[in-house]
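Right, one structure below, let's go through it.
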Amino acid sequence: MAGHTENEITIAAPLDLVWDMTNDIENWPQLFSEYASVEVLSRENGKTTFRLTMHPDDNGKVWSWVSEREPDRAHLTVLARRVETGPFAYMNIKWVYSETPEGTRMHWTQDFEMKPDAPVDDAWMTDNINRNSVVQLKLIRDKVEQRARQHATASVTTD
């Protein structure tokens with residue numbers, strides 16, 4: 001049985017700013033609270049391969065894996081997948097951006113399956129991803145909206 005999650009948030013900021021900040025992989029540790037570091041391993045044909053390392057969990061374990069990410073600015077989508085799957089049989093993520101009257105909607109879809117010997121099952125991971133996505137999306141929203149306000153203030157003071 002596979003896991004599937006869908007989470008989204010609307011950010012009161014221009015699409016270009018949301019796109020640029022959320023696709024600046026090197027700055028993810030400043031955007032997401034769960035990532036301690038990012039190491040870009042390669043960039044080739046529009047695809048970035050990188051290692052994500054999380055902050056230690058409650059048991060002191062540090063999780064790390066390699067993913068690849070391929071943004072498609074023309075279609076406002078990003079496809080990503082884990083290359084080093086760890087406890088997952090597979091993990092595929094799709095980010096979709098759209099402009100709304102309120103700002104920019106960012107929608108995350110995650111499709112995955114846990115390996116039979118994983119420490120948790122698909123249902124547990126689905127609940128975990130849904131809980132954590134809400135937290136991360138709100139953090140991203142707040143940081144991007146803060147940057148948008150700073151840009152607006154800078155524009156007013158330089159005019």
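Starting from 1 in every chain, residues are counted up; chains themselves are A, B, ... following the order of the structure tokens, and ligands are numbered from 1 as listed.
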Quiz item: Excluding same-chain residues fewer than 3 positions from Asn92 in chain A, what lies within 7 Å of it counting only C-alpha atoms, as a list of chain:residue names?
Solution: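 The residues that qualify are A:Ala80, A:Arg81, A:Arg82, A:Gln110, A:Asp111, A:Phe112.
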Kindly export the residues of the current selection with all heavy atoms, as a PDB file, in the first residue's frame.
```pdb
ATOM      1  N   ALA A  80      10.662  16.117  -8.095  1.00  0.00           N
ATOM      2  CA  ALA A  80      11.795  15.705  -7.277  1.00  0.00           C
ATOM      3  C   ALA A  80      11.612  14.251  -6.870  1.00  0.00           C
ATOM      4  O   ALA A  80      10.492  13.738  -6.837  1.00  0.00           O
ATOM      5  CB  ALA A  80      11.895  16.597  -6.040  1.00  0.00           C
ATOM      6  N   ARG A  81      12.742  13.620  -6.565  1.00  0.00           N
ATOM      7  CA  ARG A  81      12.674  12.244  -6.078  1.00  0.00           C
ATOM      8  C   ARG A  81      13.928  11.956  -5.271  1.00  0.00           C
ATOM      9  O   ARG A  81      14.973  12.569  -5.485  1.00  0.00           O
ATOM     10  CB  ARG A  81      12.530  11.249  -7.218  1.00  0.00           C
ATOM     11  CG  ARG A  81      13.760  11.094  -8.073  1.00  0.00           C
ATOM     12  CD  ARG A  81      13.580  10.042  -9.169  1.00  0.00           C
ATOM     13  NE  ARG A  81      14.831   9.795  -9.847  1.00  0.00           N
ATOM     14  CZ  ARG A  81      15.706   8.843  -9.514  1.00  0.00           C
ATOM     15  NH1 ARG A  81      15.443   8.044  -8.515  1.00  0.00           N
ATOM     16  NH2 ARG A  81      16.829   8.690 -10.180  1.00  0.00           N
ATOM     17  N   ARG A  82      13.767  11.030  -4.343  1.00  0.00           N
ATOM     18  CA  ARG A  82      14.924  10.570  -3.584  1.00  0.00           C
ATOM     19  C   ARG A  82      15.708   9.601  -4.444  1.00  0.00           C
ATOM     20  O   ARG A  82      15.142   8.680  -5.025  1.00  0.00           O
ATOM     21  CB  ARG A  82      14.489   9.866  -2.306  1.00  0.00           C
ATOM     22  CG  ARG A  82      14.094  10.818  -1.211  1.00  0.00           C
ATOM     23  CD  ARG A  82      13.944  10.047   0.088  1.00  0.00           C
ATOM     24  NE  ARG A  82      13.524  10.919   1.158  1.00  0.00           N
ATOM     25  CZ  ARG A  82      13.830  10.726   2.423  1.00  0.00           C
ATOM     26  NH1 ARG A  82      14.556   9.668   2.776  1.00  0.00           N
ATOM     27  NH2 ARG A  82      13.406  11.543   3.350  1.00  0.00           N
ATOM     28  N   GLN A 110       3.177  14.349  -2.509  1.00  0.00           N
ATOM     29  CA  GLN A 110       4.212  13.365  -2.245  1.00  0.00           C
ATOM     30  C   GLN A 110       3.618  11.964  -2.390  1.00  0.00           C
ATOM     31  O   GLN A 110       2.597  11.658  -1.778  1.00  0.00           O
ATOM     32  CB  GLN A 110       4.796  13.551  -0.842  1.00  0.00           C
ATOM     33  CG  GLN A 110       5.592  14.852  -0.742  1.00  0.00           C
ATOM     34  CD  GLN A 110       6.096  15.120   0.641  1.00  0.00           C
ATOM     35  OE1 GLN A 110       5.409  15.717   1.445  1.00  0.00           O
ATOM     36  NE2 GLN A 110       7.309  14.681   0.927  1.00  0.00           N
ATOM     37  N   ASP A 111       4.237  11.169  -3.237  1.00  0.00           N
ATOM     38  CA  ASP A 111       3.852   9.772  -3.423  1.00  0.00           C
ATOM     39  C   ASP A 111       5.040   8.919  -3.023  1.00  0.00           C
ATOM     40  O   ASP A 111       6.167   9.162  -3.468  1.00  0.00           O
ATOM     41  CB  ASP A 111       3.469   9.512  -4.887  1.00  0.00           C
ATOM     42  CG  ASP A 111       2.158  10.187  -5.233  1.00  0.00           C
ATOM     43  OD1 ASP A 111       1.151   9.871  -4.579  1.00  0.00           O
ATOM     44  OD2 ASP A 111       2.149  11.034  -6.151  1.00  0.00           O
ATOM     45  N   PHE A 112       4.793   7.920  -2.188  1.00  0.00           N
ATOM     46  CA  PHE A 112       5.878   7.130  -1.644  1.00  0.00           C
ATOM     47  C   PHE A 112       5.370   5.771  -1.179  1.00  0.00           C
ATOM     48  O   PHE A 112       4.161   5.538  -1.087  1.00  0.00           O
ATOM     49  CB  PHE A 112       6.523   7.861  -0.451  1.00  0.00           C
ATOM     50  CG  PHE A 112       5.554   8.105   0.669  1.00  0.00           C
ATOM     51  CD1 PHE A 112       5.404   7.187   1.698  1.00  0.00           C
ATOM     52  CD2 PHE A 112       4.780   9.254   0.687  1.00  0.00           C
ATOM     53  CE1 PHE A 112       4.496   7.404   2.721  1.00  0.00           C
ATOM     54  CE2 PHE A 112       3.869   9.488   1.711  1.00  0.00           C
ATOM     55  CZ  PHE A 112       3.725   8.555   2.727  1.00  0.00           C
TER      56      PHE A 112
END
```
At most 10 Å is the cut-off: for each residue in range 6-120 of chain A with any atom that close to an atom of range 143-152 of chain A, write down the nearest atom pair and the distance in Å rounded to one decimal, counting only C-alpha atoms, chain first then increasing number, as JSON lines.
```
{"residue": "A:Ile11", "atom": "CA", "partner": "A:Glu145", "partner_atom": "CA", "distance": 6.7}
{"residue": "A:Ala12", "atom": "CA", "partner": "A:Glu145", "partner_atom": "CA", "distance": 6.0}
{"residue": "A:Ala13", "atom": "CA", "partner": "A:Glu145", "partner_atom": "CA", "distance": 5.8}
{"residue": "A:Pro14", "atom": "CA", "partner": "A:Ala148", "partner_atom": "CA", "distance": 7.7}
{"residue": "A:Leu17", "atom": "CA", "partner": "A:Val144", "partner_atom": "CA", "distance": 7.4}
{"residue": "A:Val18", "atom": "CA", "partner": "A:Val144", "partner_atom": "CA", "distance": 6.5}
{"residue": "A:Trp19", "atom": "CA", "partner": "A:Val144", "partner_atom": "CA", "distance": 9.9}
{"residue": "A:Asp20", "atom": "CA", "partner": "A:Val144", "partner_atom": "CA", "distance": 9.9}
{"residue": "A:Met21", "atom": "CA", "partner": "A:Val144", "partner_atom": "CA", "distance": 7.2}
{"residue": "A:Thr22", "atom": "CA", "partner": "A:Val144", "partner_atom": "CA", "distance": 8.7}
{"residue": "A:Gln30", "atom": "CA", "partner": "A:Lys143", "partner_atom": "CA", "distance": 9.1}
{"residue": "A:Leu31", "atom": "CA", "partner": "A:Lys143", "partner_atom": "CA", "distance": 7.0}
{"residue": "A:Phe32", "atom": "CA", "partner": "A:Lys143", "partner_atom": "CA", "distance": 9.6}
{"residue": "A:Gly103", "atom": "CA", "partner": "A:Glu145", "partner_atom": "CA", "distance": 9.8}
```
Exercise. Using only C-alpha atoms, determine which residues lie at most 8 Å from Tyr97 in chain A, disregarding the query and same-chain residues fewer than 2 positions distant; provide the list as a ChimeraX atom specification.
Key: /A:15,19,76-77,95,99,104-107
Please, could you write that set of residues out with N, CA and C atoms as a short mmCIF file (atom, residue, chain, number, x, y, z; two decimals), in the first residue's frame?
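In the end it all went to selection.cif:
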```cif
data_model
loop_
_atom_site.label_atom_id
_atom_site.label_comp_id
_atom_site.auth_asym_id
_atom_site.auth_seq_id
_atom_site.Cartn_x
_atom_site.Cartn_y
_atom_site.Cartn_z
N LEU A 15 4.79 35.66 -7.54
CA LEU A 15 5.23 34.35 -8.00
C LEU A 15 6.74 34.27 -8.16
N TRP A 19 8.96 31.53 -6.25
CA TRP A 19 9.71 30.56 -7.05
C TRP A 19 11.20 30.63 -6.72
N LEU A 76 5.59 26.02 -14.21
CA LEU A 76 5.46 26.29 -12.77
C LEU A 76 5.37 25.01 -11.95
N THR A 77 6.21 24.06 -12.30
CA THR A 77 6.26 22.79 -11.57
C THR A 77 7.70 22.42 -11.26
N TRP A 95 5.96 19.78 -6.88
CA TRP A 95 5.60 21.11 -6.41
C TRP A 95 4.91 21.81 -7.58
N GLU A 99 -0.58 31.42 -9.57
CA GLU A 99 -0.91 32.76 -9.11
C GLU A 99 -2.39 32.82 -8.75
N THR A 104 0.58 33.72 -4.27
CA THR A 104 1.07 32.53 -4.97
C THR A 104 0.71 31.29 -4.16
N ARG A 105 0.03 30.37 -4.81
CA ARG A 105 -0.28 29.09 -4.17
C ARG A 105 0.84 28.12 -4.48
N MET A 106 1.31 27.44 -3.45
CA MET A 106 2.32 26.40 -3.61
C MET A 106 1.70 25.10 -3.11
N HIS A 107 1.66 24.11 -3.99
CA HIS A 107 1.00 22.82 -3.70
C HIS A 107 2.03 21.71 -3.78
#
```
Quiz item: Tell me, which residues of chain A carry DSSP strand (DSSP E), written as number ranges by chain?
Solution: A: 3-11, 35-44, 47-54, 64-72, 77-82, 88-100, 103-114
Quiz prompt | alpha helix (DSSP H) positions in chain A, given as number ranges by chain | solution = A: 15-22, 28-31, 122-158
Can those selected residues be exported to a file as a compact mmCIF listing (two decimals), in the first residue's frame so that it contains N, CA and C atoms?
```txt
# COMPACT_ATOMS: atom_id res chain seq x y z
N LEU A 15 4.79 35.66 -7.54
CA LEU A 15 5.23 34.35 -8.00
C LEU A 15 6.74 34.27 -8.16
N ASP A 16 7.35 35.27 -8.77
CA ASP A 16 8.80 35.22 -9.00
C ASP A 16 9.57 35.09 -7.69
N LEU A 17 9.16 35.81 -6.67
CA LEU A 17 9.84 35.74 -5.39
C LEU A 17 9.66 34.36 -4.74
N VAL A 18 8.43 33.85 -4.76
CA VAL A 18 8.16 32.53 -4.19
C VAL A 18 8.97 31.48 -4.92
N TRP A 19 8.96 31.53 -6.25
CA TRP A 19 9.71 30.56 -7.05
C TRP A 19 11.20 30.63 -6.72
N ASP A 20 11.74 31.85 -6.74
CA ASP A 20 13.18 32.00 -6.52
C ASP A 20 13.60 31.52 -5.14
N MET A 21 12.86 31.89 -4.11
CA MET A 21 13.26 31.51 -2.75
C MET A 21 13.10 30.01 -2.50
N THR A 22 12.03 29.42 -3.00
CA THR A 22 11.79 28.01 -2.72
C THR A 22 12.60 27.08 -3.61
N TRP A 28 17.99 26.34 1.63
CA TRP A 28 16.93 25.60 2.32
C TRP A 28 17.12 25.52 3.83
N PRO A 29 18.35 25.40 4.36
CA PRO A 29 18.47 25.37 5.82
C PRO A 29 17.94 26.65 6.49
N GLN A 30 17.91 27.76 5.77
CA GLN A 30 17.35 29.00 6.31
C GLN A 30 15.84 29.08 6.06
N LEU A 31 15.33 28.29 5.14
CA LEU A 31 13.91 28.34 4.78
C LEU A 31 13.10 27.27 5.52
N ASP A 122 3.39 2.92 5.84
CA ASP A 122 2.90 4.00 4.97
C ASP A 122 1.94 4.92 5.70
N ALA A 123 1.04 4.36 6.50
CA ALA A 123 0.05 5.19 7.20
C ALA A 123 0.74 6.12 8.20
N TRP A 124 1.70 5.60 8.94
CA TRP A 124 2.42 6.44 9.90
C TRP A 124 3.15 7.56 9.18
N MET A 125 3.84 7.24 8.08
CA MET A 125 4.61 8.24 7.34
C MET A 125 3.68 9.27 6.70
N THR A 126 2.52 8.84 6.22
CA THR A 126 1.54 9.78 5.65
C THR A 126 1.14 10.80 6.71
N ASP A 127 0.81 10.34 7.89
CA ASP A 127 0.43 11.26 8.97
C ASP A 127 1.59 12.18 9.34
N ASN A 128 2.79 11.64 9.41
CA ASN A 128 3.98 12.42 9.75
C ASN A 128 4.24 13.51 8.71
N ILE A 129 4.18 13.14 7.44
CA ILE A 129 4.41 14.12 6.37
C ILE A 129 3.33 15.20 6.41
N ASN A 130 2.08 14.81 6.59
CA ASN A 130 1.00 15.80 6.64
C ASN A 130 1.18 16.77 7.81
N ARG A 131 1.57 16.26 8.97
CA ARG A 131 1.81 17.14 10.13
C ARG A 131 2.97 18.09 9.86
N ASN A 132 4.08 17.54 9.39
CA ASN A 132 5.28 18.34 9.19
C ASN A 132 5.13 19.32 8.02
N SER A 133 4.41 18.94 6.98
CA SER A 133 4.23 19.84 5.84
C SER A 133 3.52 21.12 6.25
N VAL A 134 2.54 21.00 7.12
CA VAL A 134 1.83 22.19 7.60
C VAL A 134 2.81 23.14 8.28
N VAL A 135 3.67 22.60 9.13
CA VAL A 135 4.66 23.41 9.85
C VAL A 135 5.63 24.07 8.86
N GLN A 136 6.18 23.27 7.94
CA GLN A 136 7.16 23.80 7.00
C GLN A 136 6.55 24.83 6.04
N LEU A 137 5.35 24.56 5.55
CA LEU A 137 4.69 25.50 4.64
C LEU A 137 4.45 26.84 5.33
N LYS A 138 4.04 26.83 6.58
CA LYS A 138 3.82 28.09 7.31
C LYS A 138 5.13 28.85 7.50
N LEU A 139 6.20 28.13 7.82
CA LEU A 139 7.51 28.79 7.96
C LEU A 139 7.93 29.43 6.64
N ILE A 140 7.79 28.68 5.56
CA ILE A 140 8.14 29.20 4.24
C ILE A 140 7.30 30.43 3.92
N ARG A 141 5.99 30.32 4.14
CA ARG A 141 5.10 31.46 3.88
C ARG A 141 5.58 32.68 4.65
N ASP A 142 5.84 32.52 5.93
CA ASP A 142 6.23 33.66 6.76
C ASP A 142 7.54 34.28 6.29
N LYS A 143 8.51 33.46 5.92
CA LYS A 143 9.81 33.98 5.48
C LYS A 143 9.72 34.66 4.12
N VAL A 144 8.94 34.09 3.21
CA VAL A 144 8.79 34.70 1.89
C VAL A 144 7.99 36.01 2.01
N GLU A 145 6.94 36.00 2.80
CA GLU A 145 6.15 37.23 2.98
C GLU A 145 6.99 38.32 3.65
N GLN A 146 7.85 37.95 4.57
CA GLN A 146 8.74 38.94 5.19
C GLN A 146 9.67 39.54 4.14
N ARG A 147 10.23 38.70 3.29
CA ARG A 147 11.09 39.21 2.21
C ARG A 147 10.31 40.11 1.26
N ALA A 148 9.07 39.75 0.96
CA ALA A 148 8.24 40.57 0.06
C ALA A 148 8.00 41.94 0.69
N ARG A 149 7.76 41.97 2.00
CA ARG A 149 7.56 43.27 2.68
C ARG A 149 8.84 44.10 2.64
N GLN A 150 9.98 43.44 2.83
CA GLN A 150 11.26 44.16 2.77
C GLN A 150 11.49 44.74 1.38
N HIS A 151 11.16 43.98 0.36
CA HIS A 151 11.30 44.47 -1.02
C HIS A 151 10.38 45.66 -1.25
N ALA A 152 9.14 45.57 -0.75
CA ALA A 152 8.18 46.67 -0.92
C ALA A 152 8.66 47.92 -0.21
N THR A 153 9.18 47.77 1.00
CA THR A 153 9.69 48.90 1.76
C THR A 153 10.91 49.51 1.06
N ALA A 154 11.80 48.67 0.55
CA ALA A 154 12.98 49.16 -0.15
C ALA A 154 12.58 49.91 -1.41
N SER A 155 11.54 49.43 -2.11
CA SER A 155 11.08 50.10 -3.33
C SER A 155 10.51 51.47 -3.00
N VAL A 156 9.77 51.57 -1.92
CA VAL A 156 9.16 52.85 -1.53
C VAL A 156 10.23 53.84 -1.12
N THR A 157 11.25 53.40 -0.39
CA THR A 157 12.26 54.33 0.09
C THR A 157 13.24 54.77 -1.00
N THR A 158 13.36 54.01 -2.10
CA THR A 158 14.26 54.40 -3.18
C THR A 158 13.56 55.19 -4.28
```
Exercise. Rank nothing, just name the residue among A:Gly86, A:Val78, A:Gly46, A:Asp57 nearest to Thr109 in chain A, using only C-alpha atoms.
Key: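 With only C-alpha atoms as the atom set, the closest residue is A:Val78.
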Practice problem: Please identify all polymer residues within 10 Å of range 43-45 of chain A, counting only C-alpha atoms, omitting same-chain residues fewer than 2 positions from it, and present them as JSON, numbers by chain. | Solution: {"A": [40, 41, 47, 48, 49, 50, 68, 69, 70]}
With N, CA, C and O atoms retained, export the selected residues as a compact mmCIF listing (two decimals), in the first residue's frame.
```
# COMPACT_ATOMS: atom_id res chain seq x y z
N VAL A 40 25.07 20.60 -2.72
CA VAL A 40 24.77 20.35 -4.13
C VAL A 40 25.88 19.47 -4.70
O VAL A 40 27.07 19.80 -4.61
N LEU A 41 25.48 18.33 -5.25
CA LEU A 41 26.43 17.36 -5.80
C LEU A 41 26.67 17.58 -7.29
O LEU A 41 27.78 17.38 -7.78
N LYS A 47 18.68 19.65 -14.02
CA LYS A 47 18.43 18.81 -12.85
C LYS A 47 19.55 19.03 -11.82
O LYS A 47 20.72 19.04 -12.17
N THR A 48 19.15 19.20 -10.57
CA THR A 48 20.11 19.35 -9.48
C THR A 48 20.06 18.11 -8.61
O THR A 48 18.98 17.69 -8.19
N THR A 49 21.22 17.54 -8.34
CA THR A 49 21.33 16.42 -7.42
C THR A 49 22.01 16.96 -6.17
O THR A 49 23.02 17.66 -6.25
N PHE A 50 21.44 16.64 -5.00
CA PHE A 50 21.94 17.25 -3.76
C PHE A 50 21.71 16.32 -2.57
O PHE A 50 20.85 15.44 -2.60
N GLU A 68 17.11 14.38 -6.19
CA GLU A 68 17.29 15.19 -7.39
C GLU A 68 16.02 15.98 -7.61
O GLU A 68 14.93 15.57 -7.22
N ARG A 69 16.19 17.13 -8.22
CA ARG A 69 15.11 18.09 -8.37
C ARG A 69 15.22 18.72 -9.74
O ARG A 69 16.30 19.15 -10.14
N GLU A 70 14.08 18.78 -10.43
CA GLU A 70 14.07 19.33 -11.78
C GLU A 70 12.95 20.36 -11.92
O GLU A 70 11.79 20.01 -12.10
```
Quiz item: Smallest atom-to-atom distance to Arg51 in chain A: which of A:Glu8, A:Glu102, A:Tyr35, A:Ser64, using only C-alpha atoms?
Solution: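 Among A:Glu8, A:Glu102, A:Tyr35, A:Ser64, it is A:Ser64 that comes nearest to Arg51 in chain A.
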Practice problem: May I ask which of the residues A:Val120, A:Ala89, A:Met114, A:Val96 is the closest one to Pro71 in chain A, counting only C-alpha atoms? | Solution: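 Between A:Val120, A:Ala89, A:Met114, A:Val96, the residue approaching Pro71 in chain A most closely is A:Val96.
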Exercise. Enter the distance from CA of Pro87 in chain A to CA of Trp108 in chain A, in Å, rounded to one decimal.
Key: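 Distance reported for this atom pair: 20.6 Å.
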